[in-house]
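Beneath this line is the structure, given in structure tokens, with notes to follow.
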Amino acid sequence: MTDRASTPVSDSAARSAKSTNRAFSAFAVTLLIAGVTCAGMVAAWLPDRDDQSLFWVGPLLVIGFLLAEQLAINVDVRSGVAWTISFTEIPLVLGLLIAPFEVVLAAHVVAGVGTLLGRRILDRAVYNAGLMFMEISVAFAVAESVKRFSLAHGGPLWAGAFVGTITVPLLASVLGLCALRLMGKSMRVGNSVRLVLQTLVVALLNTSAGLVGHQIAKNTEWGGVLILLVFAGIIATYLAYSALLREQRDLEALSEVSLRVARSGQHSAAPRQSDDDAGAGAEEDEWQLIAERIREQLNANRVVLRLRTDPQEAMITLVAGEPLPADMRNVDPRVVREDPILQLPGTHVRYYRIADATEDVSEALMRRDAQEALVVPLRGATQLLGAVEAHDRLSRWRGFGKADIQLLRTLASHLATAVDNRRLLARLRHDAYHDPLTGLLNRPGFREACAEPLRLSEKAVVIRIDLDVLSTVSDALGQVWGNRMVVAAGRRLRDALGPDVPLARLEGGAFAAFLDDNRAAQAQEMAERLRAGLSVPYPVDRLTVEAHAVVGYASKVDCEVEDPDPDALLQRADVAVRATSENDPVRAYAPSMGQIFLRRFQLVTQFRQALETGQVSVHYQPKVALPSRQVVGAEALVRWKHPEFGRVDPDEFVPAVEATGLVDVLTDFVMDRALERVRRWLDRGLRMSIAVNLSVRTLADEDFPNRVADALARHDVPSGLLTFELTESGVMADPERALPVLRRLHAIGVVLAVDDFGTGYSSLAYLRQLPVDEVKIDKSFVLGMGTDLGDMAVVRSIVELGHSLGLTVVAEGVEDDAARDQLVGMGCDIAQGYLISRPLSEDRFEAWLRARTVQVRGARDETVLTLVH
């Protein structure tokens with residue numbers, strides 16, 4: 001036999017289903033009227049029975065029907081709808097055999113309505129009452145008809161009772177499917193047929209058991225004892241089946257909840273520059289469905305899900321089932337913290353009943369309009385994520401049981417783990433697409449955020465903004481203050497652009513913004529405003545740092561590439577930035593600027609050929625000891641005379657060569673040419689060293705010291721005559737990889753010099769940890785000595801610092817006699833600059849040596865070259 005359980009829905013769902021509920025109510029009233037009318041007709045048609053059985057059969061049937069209801073098994077046939085399989089066929093078939101129609105009808109209605117009232121299923125009471133009248137009426141009508149037919153043809157007496165009982169679940173199934181359709185929850189035909197057949201199988205088993213019990217009790221001595229034993233076995237089987245079914249449904253619920261939590265995290269997978277109301281709404285809908293699923297599984301009147309999905313946001317409250325009272329819908333966070341039901345230390349489930357609760361808990365339950373509540377905290381690895389409340393168990397006389405508590409505990413554990421994992425994944429996604437310092441998008445995040453809008457737009461613009469004072473601030477005041485300027489710059493850009501414009505920090509002080517078609521027309525105006533905003537002085541502690549920014553932008557309309565991606569527009573915006581000047585700090589990309597890319601590409605692809613064909617050569621700039629003016633060596637500098645572009649500046653082609661991985665080829669070329677020159681000097685009796693510049697990429701090459709040792713051996717040059725010059729920034733870019741390479745070079749015996757000293761991370765601690773032999777004072781300080789006392793003080797300090805550490809001090813950028821004399825007075829060891837000579841080709845350098853120097857005998861009886869006065 002079947003029954004329909006109550007299905008509370010959320011407030012919004014109830015409003016949307018008002019017309020459906022009206023249709024179902026009309027159907028329920030019609031069914032009740034039809035059932036009562038049918039009962040009256042059947043009562044008048046049936047022959048009279050002995051009514052003396054009313055005194056003992058009636059109460060027994062009421063008890064039988066009640067027990068059958070309490071031992072029912074609930075099977076979910078759709079979300080929010082439960083099909084109840086019970087043992088009511090057993091008392092029904094017995095009633096058809098031994099009791100009058102009125103007695104069976106009264107017993108069934110009393111038991112059924114009493115069960116509904118005990119379960120507080122009032123919204124389906126009319127439908128269920130009509131169904132009860134119809135079931136008993138049809139059962140007795142069919143039973144009487146079959147009985148008469150069976151007796152007329154010599155059939156068994158119980159045939160009528162058997163067929164009449166079987167008719168009841170079929171009738172209830174058909175009416176139940178009609179009710180489902182009216183409630184908007186109809187099933188597929190195949191599922192409907194399968195459910196009816198399963199119900200019929202259970203009905204056949206129950207009916208057969210009832211008939212067998214009746215026959216045994218009637219014809220066998222002590223038959224009642226046998227019946228009790230058989231029924232006990234049947235009940236145990238049903239209960240075991242019910243437990244297995246409950247476990248299966250619980251596992252399905254756990255799996256579904258975990259999947260929904262994971263799905264809720266997908267709404268924030270893509271990088272978002274600002275709050276996305278649609279994404280947030282979809283995520284909240286997923287959590288609402290999770291709350292509904294928990295309520296259905298617990299068969300509770302209401303489930304309240306309190307959750308903090310973001311550590312930076314307030315806890316949200318979602319309600320599934322019966323709405324909370326108005327005064328509980330928007331509760332102040334302070335009141336929530338003081339609520340006795342929500343005091344949740346540990347991870348245990350707490351069960352509260354208004355009947356035996358303390359005064360404060362009873363008051364909290366009454367505020368919720370609940371008689372009982374299960375409450376469990378959701379705890380992550382490090383913090384409280386929220387709580388789940390389940391109010392008032394449905395479809396039972398008793399309240400929540402051990403199985404419900406166990407289910408809620410397991411659900412909470414899975415939910416907390418899933419939420420914790422979701423938050424971890426969300427953080428990983430956020431970190432992958434956002435800059436950790438400013439919180440803005442990073443380059444991959446900018447690419448993802450702009451890809452789809454750029455594809456759909458026609459006039460979109462990408463703006464690149466460079467805060468070019470940043471490196472100076474970081475060098476002068478430290479990285480912390482540089483970072484503070486970056487954060488301040490990001491805030492200024494965000495305020496100027498608004499919350500909806502994708503904005504990214506690319507690297508250092510470089511930012512990028514994306515303007516869609518609606519804003520593209522104002523690109524020039526926006527670029528000017530951004531540059532002006534970033535150029536306002538920055539307060540740094542008690543200082544005010546003057547700032548300067550340059551801006552370049554590229555439009556999709558002006559891009560030579562069809563359907564460009566964000567990287568293509570960023571690349572062109574970068575070209576526009578490089579084309580800016582002091583008088584024109586904002587530039588728009590023009591297609592003619594694309595020639596820069598072509599030139600750079602040609603330089604890189606033709607570099608190897610240039611080495612082989614002699615286009616690349618090595619020039620030398622002499623270094624002279626102070627005050628003796630002895631030529632102690634030279635610095636090897638690479639030069640490229642391109643057949644199409646003419647002389648190419650090293651500042652142009654060396655970075656391109658480094659970026660494409662050809663720097664090792666360049667370094668080995670310069671080192672071999674330099675060692676060849678040293679070998680020739682040695683053959684002439686001259687002991688002069690040569691200095692070669694090292695790239696930051698070379699310092700990361702663990703095999704480089706081996707190549708140096710091979711080159712020294714191949715040219716038969718003492719290692720002390722080879723100097724490698726490296727920049728401070730190059731070493732500090734990756735000190736863990738650079739320092740081992742430097743130590744191995746120092747162990748070989750080559751001289752290591754720090755180039756451009758005073759402009760990077762210069763400090764005593766820095767020099768002490770590097771295995772260096774020389775420091776080269778940056779030429780900007782040497783050039784400024786004549787006019788700036790501060791520059792003179794810096795040079796003097798570097799000379800004193802270098803000597804205190806036992807280092808040779810080299811000054812580059814010496815262009816006049818006054819600077820040379822000042823350096824001699826300070827005790828500087830070596831000078832290099834235009835006063836002595838510009839960088840010269842091999843032939844011209846040899847001619848310079850012949851013309852500007854004389855050979856004299858050194859202190860160790862060596863031939864040395866000294867400048868002619």
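Going by the structure tokens order, chains are called A, B, ..., each with residues numbered from 1, while ligands are numbered from 1 in the order shown.
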
List every residue of segment 554-790 of chain A that DSSP, applied to the backbone, labels as alpha helix (DSSP H), and write the result as a PyMOL selection string.
-> chain A and resi 566-578+594-605+607-612+650-659+663-683+704-715+728-733+735-748+764-769+779-784+789-790

Segment 610-617 of chain A: which residues within 7 Å, counting only C-alpha atoms, same-chain residues fewer than 6 positions away excluded, as a VMD selection string?
-> chain A and resid 638 to 642

Those residues with C-alpha atoms, as a PDB file, in the first residue's frame please?
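Result file is again.pdb:
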```
ATOM      1  CA  VAL A 638      81.232  43.478 -28.648  1.00  0.00           C
ATOM      2  CA  ARG A 639      80.246  45.409 -31.778  1.00  0.00           C
ATOM      3  CA  TRP A 640      77.993  44.473 -34.741  1.00  0.00           C
ATOM      4  CA  LYS A 641      78.091  46.086 -38.160  1.00  0.00           C
ATOM      5  CA  HIS A 642      74.946  44.842 -39.901  1.00  0.00           C
TER       6      HIS A 642
END
```

Point out the residue among A:Ile90, A:Ala129, A:Val741, A:Ile166 with the least atom-to-atom distance to Ala143 of chain A, counting only C-alpha atoms.
-> A:Ile166

Excluding same-chain residues fewer than 3 positions from Leu441 of chain A, what lies within 8 Å of it counting only C-alpha atoms, as a PyMOL selection string?
-> chain A and resi 271+273+433-435+444-446+502-505

Export of prior selection with N, CA and C atoms as a PDB file, in the first residue's frame:
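Result file follows (result_31.pdb):
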```pdb
ATOM      1  N   PRO A 271      39.231  34.169 -13.779  1.00  0.00           N
ATOM      2  CA  PRO A 271      39.645  35.385 -13.066  1.00  0.00           C
ATOM      3  C   PRO A 271      38.614  36.484 -13.225  1.00  0.00           C
ATOM      4  N   GLN A 273      37.856  40.556 -12.181  1.00  0.00           N
ATOM      5  CA  GLN A 273      38.484  41.759 -11.663  1.00  0.00           C
ATOM      6  C   GLN A 273      37.601  42.416 -10.616  1.00  0.00           C
ATOM      7  N   TYR A 433      46.120  33.528 -11.086  1.00  0.00           N
ATOM      8  CA  TYR A 433      45.676  34.576 -11.997  1.00  0.00           C
ATOM      9  C   TYR A 433      45.835  35.986 -11.430  1.00  0.00           C
ATOM     10  N   HIS A 434      46.361  36.120 -10.204  1.00  0.00           N
ATOM     11  CA  HIS A 434      46.442  37.433  -9.584  1.00  0.00           C
ATOM     12  C   HIS A 434      47.850  37.710  -9.062  1.00  0.00           C
ATOM     13  N   ASP A 435      48.187  38.978  -9.060  1.00  0.00           N
ATOM     14  CA  ASP A 435      49.468  39.429  -8.533  1.00  0.00           C
ATOM     15  C   ASP A 435      49.405  39.430  -7.007  1.00  0.00           C
ATOM     16  N   PRO A 444      48.952  36.078 -16.911  1.00  0.00           N
ATOM     17  CA  PRO A 444      48.007  35.027 -17.331  1.00  0.00           C
ATOM     18  C   PRO A 444      46.554  35.390 -17.013  1.00  0.00           C
ATOM     19  N   GLY A 445      46.321  36.005 -15.848  1.00  0.00           N
ATOM     20  CA  GLY A 445      44.954  36.393 -15.503  1.00  0.00           C
ATOM     21  C   GLY A 445      44.409  37.437 -16.458  1.00  0.00           C
ATOM     22  N   PHE A 446      45.243  38.390 -16.853  1.00  0.00           N
ATOM     23  CA  PHE A 446      44.823  39.418 -17.806  1.00  0.00           C
ATOM     24  C   PHE A 446      44.483  38.776 -19.145  1.00  0.00           C
ATOM     25  N   PRO A 502      39.182  45.350 -16.573  1.00  0.00           N
ATOM     26  CA  PRO A 502      40.280  44.433 -16.254  1.00  0.00           C
ATOM     27  C   PRO A 502      41.602  45.191 -16.143  1.00  0.00           C
ATOM     28  N   LEU A 503      42.276  45.021 -15.012  1.00  0.00           N
ATOM     29  CA  LEU A 503      43.531  45.727 -14.731  1.00  0.00           C
ATOM     30  C   LEU A 503      44.536  44.723 -14.202  1.00  0.00           C
ATOM     31  N   ALA A 504      45.762  44.776 -14.705  1.00  0.00           N
ATOM     32  CA  ALA A 504      46.781  43.796 -14.314  1.00  0.00           C
ATOM     33  C   ALA A 504      48.097  44.499 -14.014  1.00  0.00           C
ATOM     34  N   ARG A 505      48.836  43.898 -13.093  1.00  0.00           N
ATOM     35  CA  ARG A 505      50.239  44.270 -12.915  1.00  0.00           C
ATOM     36  C   ARG A 505      51.065  43.217 -13.647  1.00  0.00           C
TER      37      ARG A 505
END
```

May I ask which of the residues A:Arg679, A:His153, A:Phe514, A:Phe27 is the closest one to Leu712 of chain A, counting only C-alpha atoms?
->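 Of A:Arg679, A:His153, A:Phe514, A:Phe27, the one nearest Leu712 of chain A is A:Arg679, counting only C-alpha atoms.
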